[in-house]
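Visitor: Below is the file target.txt, with compact mmCIF, C-alpha atoms.
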```
# COMPACT_ATOMS: atom_id res chain seq x y z
CA MET F 1 33.61 -0.65 -64.89
CA GLN F 2 34.68 1.80 -62.18
CA LEU F 3 33.96 4.72 -64.52
CA ILE F 4 30.44 3.44 -65.14
CA LYS F 5 29.85 3.08 -61.42
CA ARG F 6 31.04 6.64 -60.83
CA ILE F 7 28.71 7.90 -63.54
CA ILE F 8 25.82 6.02 -61.93
CA LEU F 9 26.65 7.49 -58.53
CA PHE F 10 26.89 11.01 -59.98
CA VAL F 11 23.57 10.77 -61.82
CA TYR F 12 21.97 9.10 -58.80
CA VAL F 13 22.97 11.96 -56.49
CA VAL F 14 21.92 14.57 -59.04
CA MET F 15 18.48 12.96 -59.31
CA LEU F 16 18.12 12.99 -55.53
CA LEU F 17 18.97 16.69 -55.41
CA VAL F 18 16.58 17.48 -58.24
CA LEU F 19 13.77 15.55 -56.56
CA ALA F 20 14.30 17.41 -53.30
CA ALA F 21 14.55 20.79 -55.03
CA ALA F 22 11.37 20.15 -57.03
CA THR F 23 9.29 19.78 -53.86
CA PHE F 24 10.39 23.20 -52.63
CA ILE F 25 9.92 24.75 -56.07
CA GLU F 26 6.35 23.43 -55.98
CA TYR F 27 5.83 25.05 -52.57
CA PHE F 28 7.12 28.45 -53.65
CA HIS F 29 6.04 28.55 -57.30
CA GLY F 30 3.15 26.11 -57.62
CA THR F 31 2.45 22.66 -59.01
CA SER F 32 2.90 23.75 -62.63
CA ALA F 33 6.49 24.83 -61.93
CA ALA F 34 7.31 21.45 -60.38
CA ALA F 35 5.61 19.68 -63.28
CA CYS F 36 8.02 21.42 -65.64
CA ILE F 37 10.85 19.68 -63.79
CA TYR F 38 9.24 16.25 -63.57
CA HIS F 39 8.36 16.37 -67.29
CA HIS F 40 11.59 17.92 -68.48
CA VAL F 41 13.63 15.97 -71.01
CA PHE F 42 16.75 16.10 -68.80
CA PHE F 43 14.85 14.70 -65.80
CA ILE F 44 13.52 11.84 -67.91
CA ALA F 45 16.96 11.32 -69.43
CA GLY F 46 18.44 11.01 -65.94
CA TRP F 47 16.18 8.07 -65.12
CA GLY F 48 16.91 6.60 -68.54
CA ILE F 49 20.67 6.78 -67.97
CA LEU F 50 20.32 5.03 -64.61
CA ALA F 51 18.15 2.30 -66.16
CA LEU F 52 20.44 1.65 -69.13
CA LEU F 53 23.64 1.64 -67.08
CA THR F 54 22.00 -0.68 -64.55
CA LEU F 55 21.14 -3.13 -67.33
CA TRP F 56 24.69 -2.90 -68.66
CA ILE F 57 26.20 -3.70 -65.25
CA LEU F 58 23.75 -6.56 -64.71
CA TYR F 59 24.89 -8.02 -68.02
CA ARG F 60 28.62 -7.47 -67.45
CA LEU F 61 28.52 -9.00 -63.97
CA ARG F 62 26.23 -11.83 -65.09
CA MET F 63 24.02 -10.93 -62.20
CA TRP F 64 21.38 -13.50 -63.18
CA LYS F 65 23.54 -15.98 -61.30
CA ARG F 66 22.39 -14.17 -58.15
CA MET F 67 18.70 -14.23 -58.98
CA SER F 68 17.37 -12.19 -56.05
CA VAL F 69 19.81 -9.34 -56.74
CA PHE F 70 19.13 -9.56 -60.47
CA LEU F 71 15.37 -9.36 -59.99
CA LEU F 72 15.71 -6.53 -57.47
CA HIS F 73 17.61 -4.28 -59.87
CA SER F 74 15.59 -5.40 -62.88
CA SER F 75 12.38 -4.40 -61.10
CA PHE F 76 13.55 -0.78 -60.96
CA VAL F 77 14.10 -0.84 -64.71
CA VAL F 78 10.62 -2.29 -65.28
CA ILE F 79 9.05 0.34 -63.00
CA LEU F 80 10.86 3.12 -64.87
CA ALA F 81 9.76 1.60 -68.19
CA GLY F 82 6.16 1.63 -66.96
CA ALA F 83 6.50 5.24 -65.85
CA LEU F 84 7.87 6.18 -69.29
CA ILE F 85 4.97 4.44 -71.02
CA THR F 86 2.55 6.32 -68.76
CA PHE F 87 4.28 9.59 -69.56
CA LEU F 88 4.23 9.00 -73.32
CA THR F 89 0.78 7.43 -73.74
CA GLY F 90 -1.20 8.28 -70.61
CA THR F 91 -3.76 11.07 -70.35
CA THR F 92 -5.49 12.64 -67.35
CA GLY F 93 -8.37 15.07 -67.23
CA ASP F 94 -11.69 16.03 -65.67
CA ILE F 95 -15.39 15.64 -66.40
CA HIS F 96 -18.08 17.82 -64.83
CA LEU F 97 -21.60 16.41 -64.85
CA ARG F 98 -24.87 17.64 -63.43
CA ILE F 99 -27.46 15.05 -62.42
CA GLY F 100 -29.36 13.85 -65.48
CA THR F 101 -26.78 15.12 -67.98
CA SER F 102 -24.23 13.21 -70.04
CA THR F 103 -21.05 13.81 -72.02
CA PHE F 104 -18.56 11.98 -74.18
CA GLN F 105 -15.75 14.50 -73.66
CA PHE F 106 -13.26 15.46 -70.98
CA VAL F 107 -10.77 18.31 -70.52
CA GLU F 108 -7.16 17.16 -70.53
CA HIS F 109 -4.99 18.44 -67.67
CA GLU F 110 -1.80 19.03 -69.63
CA THR F 111 -3.21 21.02 -72.53
CA ASN F 112 -6.71 22.04 -71.40
CA LEU F 113 -7.90 20.62 -74.72
CA VAL F 114 -11.18 18.75 -75.04
CA GLN F 115 -10.69 15.02 -75.68
CA THR F 116 -13.29 12.52 -76.90
CA LEU F 117 -14.30 9.31 -75.16
CA PRO F 118 -15.41 6.18 -77.05
CA PHE F 119 -18.57 6.11 -74.92
CA ARG F 120 -21.06 8.39 -73.24
CA VAL F 121 -21.06 9.00 -69.48
CA GLU F 122 -24.30 10.00 -67.74
CA LEU F 123 -24.69 11.00 -64.10
CA ASP F 124 -27.85 9.45 -62.64
CA THR F 125 -27.43 10.55 -59.03
CA PHE F 126 -24.88 11.98 -56.63
CA ARG F 127 -25.00 11.58 -52.88
CA VAL F 128 -22.90 12.23 -49.83
CA GLU F 129 -23.01 9.39 -47.33
CA HIS F 130 -22.48 10.05 -43.63
CA TYR F 131 -21.36 8.10 -40.63
CA LEU F 132 -24.27 6.85 -38.54
CA ASP F 133 -25.94 9.59 -36.47
CA THR F 134 -23.36 12.21 -37.56
CA GLU F 135 -22.92 14.86 -40.23
CA ILE F 136 -19.40 13.62 -40.96
CA PRO F 137 -19.05 12.46 -44.60
CA SER F 138 -18.10 8.81 -45.00
CA ASP F 139 -18.17 8.72 -48.80
CA TYR F 140 -19.00 10.64 -51.96
CA VAL F 141 -20.86 8.51 -54.50
CA SER F 142 -21.61 9.22 -58.16
CA SER F 143 -23.97 6.76 -59.85
CA VAL F 144 -23.13 6.76 -63.55
CA ARG F 145 -24.17 4.97 -66.71
CA CYS F 146 -21.67 4.44 -69.54
CA THR F 147 -22.84 3.54 -73.06
CA SER F 148 -20.38 2.48 -75.75
CA PHE F 149 -20.63 4.02 -79.22
CA ALA F 150 -19.16 0.92 -80.86
CA ASP F 151 -21.66 -1.74 -79.82
CA SER F 152 -24.19 0.11 -77.62
CA SER F 153 -23.15 -1.97 -74.61
CA SER F 154 -23.55 -0.20 -71.29
CA ILE F 155 -22.76 -0.46 -67.61
CA GLN F 156 -24.25 1.21 -64.57
CA THR F 157 -22.11 1.54 -61.47
CA ASP F 158 -21.09 3.74 -58.54
CA ILE F 159 -17.89 5.75 -58.47
CA SER F 160 -16.76 6.68 -54.98
CA MET F 161 -13.64 7.17 -52.92
CA ASN F 162 -11.49 4.02 -53.19
CA ASN F 163 -13.87 2.69 -55.87
CA VAL F 164 -12.65 3.57 -59.36
CA LEU F 165 -14.58 2.73 -62.54
CA ASP F 166 -12.32 0.98 -65.05
CA TRP F 167 -13.88 0.63 -68.51
CA GLN F 168 -12.42 0.36 -72.02
CA GLY F 169 -9.00 1.48 -70.79
CA TYR F 170 -10.32 4.60 -69.01
CA ARG F 171 -10.42 5.01 -65.25
CA PHE F 172 -12.86 7.38 -63.55
CA TYR F 173 -12.53 8.41 -59.95
CA GLN F 174 -14.46 10.70 -57.63
CA SER F 175 -12.65 14.02 -57.63
CA SER F 176 -15.04 16.67 -56.26
CA TYR F 177 -18.69 17.76 -56.32
CA ASP F 178 -20.86 20.85 -56.60
CA ASP F 179 -21.79 22.71 -53.44
CA ASP F 180 -25.50 22.03 -53.98
CA TRP F 181 -24.86 18.28 -54.40
CA GLY F 182 -26.45 18.50 -57.82
CA GLY F 183 -23.32 17.73 -59.78
CA SER F 184 -20.06 15.83 -59.64
CA TRP F 185 -16.48 16.20 -60.86
CA LEU F 186 -14.89 13.00 -62.07
CA GLY F 187 -11.19 12.55 -62.70
CA VAL F 188 -10.26 10.68 -65.89
CA ASN F 189 -7.15 8.60 -66.42
CA TYR F 190 -6.25 6.79 -69.63
CA ASP F 191 -3.19 4.61 -69.20
CA PRO F 192 -3.88 1.13 -70.59
CA TRP F 193 -0.26 -0.13 -70.54
CA GLY F 194 1.89 1.98 -68.24
CA THR F 195 0.12 1.03 -65.02
CA THR F 196 0.23 -2.68 -65.91
CA VAL F 197 3.98 -2.58 -66.60
CA THR F 198 4.63 -0.59 -63.42
CA TYR F 199 2.58 -3.02 -61.33
CA LEU F 200 4.61 -5.86 -62.82
CA GLY F 201 7.74 -4.02 -61.66
CA TYR F 202 6.25 -3.62 -58.18
CA LEU F 203 5.48 -7.33 -58.06
CA ILE F 204 9.03 -8.25 -59.08
CA LEU F 205 10.37 -5.75 -56.55
CA GLY F 206 8.28 -7.22 -53.73
CA ILE F 207 9.28 -10.80 -54.53
CA SER F 208 12.97 -9.95 -54.88
CA MET F 209 13.09 -7.84 -51.70
CA MET F 210 11.49 -10.57 -49.62
CA ALA F 211 13.79 -13.18 -51.15
CA PHE F 212 16.78 -10.91 -50.55
CA MET F 213 15.85 -10.36 -46.92
CA PHE F 214 15.07 -13.99 -46.12
CA LYS F 215 17.80 -15.71 -48.07
CA LYS F 216 19.59 -16.38 -44.76
CA ARG F 217 16.34 -17.64 -43.23
CA ASN F 218 16.73 -15.33 -40.27
CA VAL F 219 14.03 -15.84 -37.63
CA VAL F 220 14.24 -12.22 -36.49
CA TYR F 221 13.19 -10.99 -39.95
CA ILE F 222 10.23 -13.37 -39.99
CA LEU F 223 9.27 -12.19 -36.51
CA LEU F 224 9.48 -8.55 -37.60
CA LEU F 225 7.25 -9.26 -40.57
CA GLY F 226 4.72 -11.03 -38.37
CA ILE F 227 4.69 -8.19 -35.84
CA THR F 228 4.21 -5.63 -38.62
CA LEU F 229 1.28 -7.53 -40.09
CA LEU F 230 -0.26 -7.78 -36.62
CA ILE F 231 0.19 -4.03 -36.13
CA ALA F 232 -1.46 -3.45 -39.51
CA TYR F 233 -4.45 -5.55 -38.49
CA LEU F 234 -4.84 -3.87 -35.09
CA TYR F 235 -4.38 -0.41 -36.64
CA GLN F 236 -7.10 -1.12 -39.20
CA MET F 237 -9.48 -2.40 -36.52
CA ASP F 238 -8.87 0.68 -34.39
CA ALA F 239 -9.28 3.03 -37.36
CA GLN F 240 -12.72 1.61 -38.10
CA LYS F 241 -13.95 2.63 -34.64
CA SER F 242 -13.77 6.37 -35.44
CA PRO F 243 -14.89 8.46 -38.44
CA LEU F 244 -12.26 8.79 -41.14
CA LEU F 245 -11.93 11.03 -44.16
CA PRO F 246 -13.51 9.17 -47.10
CA VAL F 247 -10.17 8.74 -48.86
CA LEU F 248 -8.79 7.00 -45.76
CA SER F 249 -11.58 4.42 -45.63
CA SER F 250 -9.53 1.68 -47.23
CA PRO F 251 -8.30 -1.73 -46.05
CA LEU F 252 -4.89 -0.69 -47.35
CA LEU F 253 -4.62 2.04 -44.71
CA GLY F 254 -3.37 -0.28 -41.98
CA VAL F 255 -0.85 -2.04 -44.23
CA HIS F 256 0.51 1.19 -45.70
CA VAL F 257 0.89 3.02 -42.39
CA SER F 258 2.22 0.05 -40.41
CA PHE F 259 4.97 -0.94 -42.82
CA ILE F 260 6.07 2.67 -43.21
CA MET F 261 6.11 3.32 -39.46
CA VAL F 262 7.98 0.11 -38.62
CA ALA F 263 10.52 1.03 -41.30
CA TYR F 264 10.93 4.51 -39.84
CA THR F 265 11.34 3.05 -36.35
CA LEU F 266 14.09 0.70 -37.52
CA LEU F 267 15.83 3.54 -39.36
CA GLY F 268 15.63 5.65 -36.20
CA ILE F 269 17.28 2.85 -34.21
CA ILE F 270 20.00 2.61 -36.85
CA SER F 271 20.60 6.35 -36.60
CA LEU F 272 20.84 6.15 -32.80
CA ASN F 273 23.18 3.21 -33.20
CA GLY F 274 25.31 5.41 -35.43
CA VAL F 275 25.58 8.08 -32.75
CA ILE F 276 26.71 5.46 -30.23
CA GLY F 277 29.20 4.12 -32.77
CA LEU F 278 30.85 7.52 -33.09
CA PHE F 279 31.44 7.68 -29.34
CA LEU F 280 32.43 4.05 -28.87
CA SER F 281 35.11 3.70 -31.51
CA ARG F 282 36.11 0.25 -30.28
CA LYS F 283 32.57 -0.99 -30.88
CA GLU F 284 31.90 0.86 -34.12
CA GLU F 285 32.45 -2.14 -36.39
CA LYS F 286 30.18 -4.38 -34.32
CA LEU F 287 27.58 -1.63 -34.21
CA MET F 288 27.81 -1.30 -38.00
CA THR F 289 27.04 -5.01 -38.29
CA ILE F 290 23.96 -4.54 -36.13
CA SER F 291 22.85 -1.57 -38.21
CA ARG F 292 23.27 -3.50 -41.44
CA PHE F 293 21.25 -6.34 -39.94
CA LEU F 294 18.37 -3.93 -39.24
CA LEU F 295 18.78 -2.11 -42.53
CA TYR F 296 17.48 -5.03 -44.60
CA PRO F 297 13.97 -5.18 -43.08
CA ALA F 298 13.85 -1.37 -42.74
CA VAL F 299 14.37 -0.73 -46.46
CA VAL F 300 12.22 -3.72 -47.48
CA PHE F 301 9.32 -2.54 -45.31
CA LEU F 302 9.74 1.00 -46.61
CA GLY F 303 9.58 -0.34 -50.16
CA ILE F 304 6.45 -2.37 -49.36
CA GLY F 305 4.85 0.69 -47.77
CA ILE F 306 5.56 2.81 -50.85
CA PHE F 307 4.25 0.05 -53.14
CA VAL F 308 1.01 -0.34 -51.16
CA GLY F 309 0.64 3.45 -51.13
CA ALA F 310 0.96 3.52 -54.92
CA VAL F 311 -1.70 0.83 -55.31
CA TRP F 312 -3.95 2.72 -52.90
CA ALA F 313 -3.41 5.94 -54.89
CA SER F 314 -4.41 4.13 -58.06
CA ILE F 315 -7.61 2.92 -56.40
CA SER F 316 -8.43 6.31 -54.85
CA TRP F 317 -7.27 8.79 -57.49
CA GLY F 318 -6.92 6.65 -60.59
CA ARG F 319 -3.13 7.04 -60.82
CA TYR F 320 -0.36 5.31 -58.92
CA TRP F 321 2.02 8.26 -58.76
CA ALA F 322 1.28 11.99 -58.69
CA TRP F 323 4.65 13.51 -57.68
CA ASP F 324 3.07 14.68 -54.43
CA PRO F 325 5.75 15.98 -52.00
CA LYS F 326 5.12 13.11 -49.56
CA GLU F 327 5.55 10.57 -52.36
CA VAL F 328 8.69 12.27 -53.60
CA TRP F 329 10.33 12.40 -50.19
CA ALA F 330 9.43 8.76 -49.51
CA LEU F 331 11.19 7.93 -52.79
CA ILE F 332 14.17 10.07 -51.76
CA THR F 333 14.38 8.22 -48.43
CA PHE F 334 14.23 4.86 -50.17
CA MET F 335 16.97 5.87 -52.60
CA VAL F 336 19.21 7.36 -49.89
CA TYR F 337 19.14 4.19 -47.80
CA GLY F 338 19.24 1.90 -50.82
CA LEU F 339 22.65 3.28 -51.72
CA THR F 340 24.19 1.79 -48.57
CA PHE F 341 23.79 -1.77 -49.86
CA HIS F 342 26.45 -1.16 -52.51
CA SER F 343 29.53 -1.17 -50.31
CA LYS F 344 31.49 -3.26 -52.85
CA SER F 345 30.89 -0.68 -55.56
CA PHE F 346 31.31 2.28 -53.22
CA PRO F 347 33.98 1.33 -50.60
CA PRO F 348 33.31 4.19 -48.13
CA PHE F 349 30.16 2.35 -47.03
CA SER F 350 32.32 -0.51 -45.74
CA ARG F 351 34.09 1.84 -43.32
CA PRO F 352 32.33 1.97 -39.93
CA ARG F 353 32.98 5.66 -39.30
CA PHE F 354 31.62 6.77 -42.69
CA PHE F 355 28.71 4.35 -42.44
CA HIS F 356 27.59 5.67 -39.05
CA ILE F 357 27.88 9.31 -40.12
CA TYR F 358 25.88 8.55 -43.26
CA MET F 359 23.15 6.85 -41.23
CA ILE F 360 22.93 9.80 -38.86
CA ALA F 361 22.58 12.19 -41.81
CA ALA F 362 20.16 9.91 -43.67
CA ILE F 363 17.61 10.04 -40.86
CA LEU F 364 16.96 13.65 -41.90
CA THR F 365 15.16 12.32 -44.98
CA VAL F 366 12.86 10.33 -42.71
CA VAL F 367 12.18 13.40 -40.57
CA MET F 368 11.47 15.42 -43.70
CA THR F 369 9.14 12.76 -45.10
CA TYR F 370 7.24 12.19 -41.89
CA LEU F 371 7.11 15.70 -40.41
CA GLY F 372 8.64 18.23 -42.76
CA VAL F 373 6.29 17.61 -45.67
CA ASN F 374 3.18 17.96 -43.49
CA HIS F 375 4.30 21.17 -41.80
CA LEU F 376 6.25 22.81 -44.63
CA LEU F 377 5.24 21.56 -48.05
CA GLY F 378 1.67 20.29 -47.70
CA GLY F 379 0.14 18.34 -50.58
CA MET F 380 -2.41 15.56 -50.88
CA HIS F 381 -0.93 13.80 -47.81
CA SER F 382 -1.10 16.82 -45.52
CA TYR F 383 -3.93 15.15 -43.57
CA GLY F 384 -1.50 12.37 -42.46
```
Can you give me the file's structure in the form of structure tokens?
Guide:
Amino acid sequence: MQLIKRIILFVYVVMLLVLAAATFIEYFHGTSAAACIYHHVFFIAGWGILALLTLWILYRLRMWKRMSVFLLHSSFVVILAGALITFLTGTTGDIHLRIGTSTFQFVEHETNLVQTLPFRVELDTFRVEHYLDTEIPSDYVSSVRCTSFADSSSIQTDISMNNVLDWQGYRFYQSSYDDDWGGSWLGVNYDPWGTTVTYLGYLILGISMMAFMFKKRNVVYILLLGITLLIAYLYQMDAQKSPLLPVLSSPLLGVHVSFIMVAYTLLGIISLNGVIGLFLSRKEEKLMTISRFLLYPAVVFLGIGIFVGAVWASISWGRYWAWDPKEVWALITFMVYGLTFHSKSFPPFSRPRFFHIYMIAAILTVVMTYLGVNHLLGGMHSYG
């Protein structure tokens, strides 16, 4: 059993290092170079090893007797299974349409090959909407008509930011447009099963994390959750008072940002607590208890923030995960802090001195996610 745990720890750390390295490789050598890492057989095998060994340990320890812990770890396996299904069966590409034209083909991203749709897509109109009395864009809207080849059924709808067309297993989202506003670029995503399985994993993860955090019925945790939801509501109300980029015009903005920021604040407090613990050796064990108390809601809220962000990405860009540097570093942060809950498997985490040093070092992942990515690596989240 100890050997298996050491193998898990080794692979876990290797995956963290690879994830971090990939973001810098993307910065220096481009997205295609990073994609070679994310799609490499060894990278996929690393996640597979973690999933299989996790299942083996859950079985050996009969973890179903502790249902919240069992569901928590099982959710990661389900999420990875969904990601694998997406990788093996999913397809992404682009369609370019001028107003009044139609097509039943799209160009696949991976191979640049032309793929065929089971229906025809026609662009009726394209328009750029603006905030009242301004020239600031509030949305980009493509009005399309889709006609099935199988039964001649058709639909007519608008595709815009945060409004994806989902039809016959294909998802279309507003990607770009021609400078003269006479044409539109639509992203295409075909992933009929992977997204569903991954969302199931997210749901299990959310339920298990909340159950795990509240199993002691702690009032402070409930209060923190209530405050975070209130912050999310107030943030959303305030955001609606000023013009936003079209992609940010989503009711999920407040939830995503608020849970992430509260999580980062709690992790910052834990890091500061660690510094104090190093100087007050007589209090270090008590301070570790305080840090562990705050760690539960911090990691849970971070997980919720990442989950909501993935759902938002699916609504905005048609895919729940794009290996964007901000996404990757949020995942790294979640994994780094998640490791600290396994003090029984990895005894150093039960030692106050080691725990505090680890928490001080771990805050660097938060700094990198929140500031470093924006100023160094860029990506789709560079506006945030």
Visitor: Taking (16.5, 2.5, -36.9) in the coordinates of the supplied file, I want to know which residues reach to within 10 Å of it, counting all atoms listed in the file; could you give the answer as a list in words?
Guide: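 Final list of nearby residues, as requested, is Val262, Ala263, Tyr264, Thr265, Leu266, Leu267, Gly268, Ile269, Ile270, Ser271, Leu272, Asn273, Gly274, Ser291, Leu294, Leu295, Ala298, Met359, Ile360 and Ile363 of chain F.
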Visitor: Which distance in Å separates CA of His256 (chain F) and CA of Gly305 (chain F), to one decimal?
Guide: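 Interatomic distance, CA of His256 (chain F) to CA of Gly305 (chain F): 4.8 Å.
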Visitor: Check which residues of region 249-308 of chain F sit at most 9 Å from region 327-348 of chain F using only C-alpha atoms, and return one row each with the closest pair of atoms and their distance in Å to one decimal, ordered by chain and rising number, as JSON lines.
Guide:
```
{"residue": "F:Arg292", "atom": "CA", "partner": "F:Phe341", "partner_atom": "CA", "distance": 8.6}
{"residue": "F:Leu295", "atom": "CA", "partner": "F:Tyr337", "partner_atom": "CA", "distance": 8.2}
{"residue": "F:Tyr296", "atom": "CA", "partner": "F:Phe341", "partner_atom": "CA", "distance": 8.8}
{"residue": "F:Val299", "atom": "CA", "partner": "F:Phe334", "partner_atom": "CA", "distance": 6.7}
{"residue": "F:Leu302", "atom": "CA", "partner": "F:Phe334", "partner_atom": "CA", "distance": 6.9}
{"residue": "F:Gly303", "atom": "CA", "partner": "F:Phe334", "partner_atom": "CA", "distance": 7.0}
{"residue": "F:Ile306", "atom": "CA", "partner": "F:Ala330", "partner_atom": "CA", "distance": 7.2}
```
Visitor: State, in Å with one decimal place, the distance from CA of His375 (chain F) to CA of Glu26 (chain F).
Guide: 14.5 Å
Visitor: Counting all atoms listed in the file, which residues of region 197-272 of chain F fall within 9 Å of region 139-149 of chain F, and what is the closest atom pair for each with its distance in Å at one decimal, ordered by chain and rising number, as a Markdown table?
Guide:
```
| residue | atom | partner | partner_atom | distance |
| --- | --- | --- | --- | --- |
| F:Leu245 | CA | F:Asp139 | CA | 8.1 |
| F:Pro246 | CA | F:Asp139 | CA | 5.0 |
| F:Val247 | CA | F:Asp139 | CA | 8.0 |
| F:Ser249 | CA | F:Asp139 | CA | 8.5 |
```
Visitor: Using CA of Gly372 (chain F) and CA of Asp324 (chain F) as the two end points, give the distance in Å to one decimal.
Guide: 13.4 Å
Visitor: What lies within 9 Å of region 188-201 of chain F using all atoms listed in the file, ignoring chain neighbours under 4 positions off, as number ranges by chain?
Guide: F: 74-95, 106-108, 168-173, 205-206, 307, 311, 314, 317-320
Visitor: Could those selected residues go to a file with C-alpha atoms, as a compact mmCIF listing (two decimals), in the coordinates of the input?
Guide:
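File written: again.txt
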```txt
# COMPACT_ATOMS: atom_id res chain seq x y z
CA SER F 74 15.59 -5.40 -62.88
CA SER F 75 12.38 -4.40 -61.10
CA PHE F 76 13.55 -0.78 -60.96
CA VAL F 77 14.10 -0.84 -64.71
CA VAL F 78 10.62 -2.29 -65.28
CA ILE F 79 9.05 0.34 -63.00
CA LEU F 80 10.86 3.12 -64.87
CA ALA F 81 9.76 1.60 -68.19
CA GLY F 82 6.16 1.63 -66.96
CA ALA F 83 6.50 5.24 -65.85
CA LEU F 84 7.87 6.18 -69.29
CA ILE F 85 4.97 4.44 -71.02
CA THR F 86 2.55 6.32 -68.76
CA PHE F 87 4.28 9.59 -69.56
CA LEU F 88 4.23 9.00 -73.32
CA THR F 89 0.78 7.43 -73.74
CA GLY F 90 -1.20 8.28 -70.61
CA THR F 91 -3.76 11.07 -70.35
CA THR F 92 -5.49 12.64 -67.35
CA GLY F 93 -8.37 15.07 -67.23
CA ASP F 94 -11.69 16.03 -65.67
CA ILE F 95 -15.39 15.64 -66.40
CA PHE F 106 -13.26 15.46 -70.98
CA VAL F 107 -10.77 18.31 -70.52
CA GLU F 108 -7.16 17.16 -70.53
CA GLN F 168 -12.42 0.36 -72.02
CA GLY F 169 -9.00 1.48 -70.79
CA TYR F 170 -10.32 4.60 -69.01
CA ARG F 171 -10.42 5.01 -65.25
CA PHE F 172 -12.86 7.38 -63.55
CA TYR F 173 -12.53 8.41 -59.95
CA LEU F 205 10.37 -5.75 -56.55
CA GLY F 206 8.28 -7.22 -53.73
CA PHE F 307 4.25 0.05 -53.14
CA VAL F 311 -1.70 0.83 -55.31
CA SER F 314 -4.41 4.13 -58.06
CA TRP F 317 -7.27 8.79 -57.49
CA GLY F 318 -6.92 6.65 -60.59
CA ARG F 319 -3.13 7.04 -60.82
CA TYR F 320 -0.36 5.31 -58.92
```
Visitor: Could you name the residues that touch Ser176 (chain F) at 9 Å or less, counting only C-alpha atoms, but leaving out those on the same chain fewer than 3 positions away, as a list in words?
Guide: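 That gives Tyr140, Ser184, Trp185, Leu186 and Gly187 of chain F.
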Visitor: Those selected residues, please, written with C-alpha atoms and delivered as an mmCIF file, in the coordinates of the input.
Guide:
```cif
data_model
loop_
_atom_site.group_PDB
_atom_site.id
_atom_site.type_symbol
_atom_site.label_atom_id
_atom_site.label_comp_id
_atom_site.auth_asym_id
_atom_site.auth_seq_id
_atom_site.Cartn_x
_atom_site.Cartn_y
_atom_site.Cartn_z
ATOM 1 C CA TYR F 140 -19.000 10.640 -51.960
ATOM 2 C CA SER F 184 -20.060 15.830 -59.640
ATOM 3 C CA TRP F 185 -16.480 16.200 -60.860
ATOM 4 C CA LEU F 186 -14.890 13.000 -62.070
ATOM 5 C CA GLY F 187 -11.190 12.550 -62.700
#
```
Visitor: Env of region 121-133 of chain F: 10 Å cut, atoms = all atoms listed in the file, seq-sep filter 2 positions within chain, self excluded. Answer as a ChimeraX atom specification.
Guide: /F:95-105,117-119,135-148,154-160,177-178,181-184,242-244,246
Visitor: Residues near Met67 (chain F), anyone? I mean within 12 Å using only C-alpha atoms, not counting same-chain ones fewer than 5 positions away, as a PyMOL selection string.
Guide: chain F and resi 58+62+72-75+204+207-209+211-212+215
Visitor: Given only C-alpha atoms as the basis, pick out the residue of F:Ile37, F:Gly48, F:Ile7, F:Leu113 nearest to Ala21 (chain F).
Guide: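 Of F:Ile37, F:Gly48, F:Ile7, F:Leu113, the one nearest Ala21 (chain F), counting only C-alpha atoms, is F:Ile37.
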Visitor: I need the residue nearest Thr54 (chain F) from this list: F:Val69, F:Leu371, F:Asp166, F:Leu19. Use all atoms listed in the file for the distance.
Guide: F:Val69
Visitor: For Met213 (chain F), which of F:Phe43, F:Trp312, F:Tyr38, F:Phe293 is the closest residue, counting all atoms listed in the file?
Guide: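 Nearest candidate to Met213 (chain F) out of F:Phe43, F:Trp312, F:Tyr38, F:Phe293: F:Phe293.
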Visitor: Under the rule that only C-alpha atoms are counted, which of F:Val300, F:Met1, F:Met261, F:Arg282 is the nearest residue to Val366 (chain F)?
Guide: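 Closest candidate: F:Met261.
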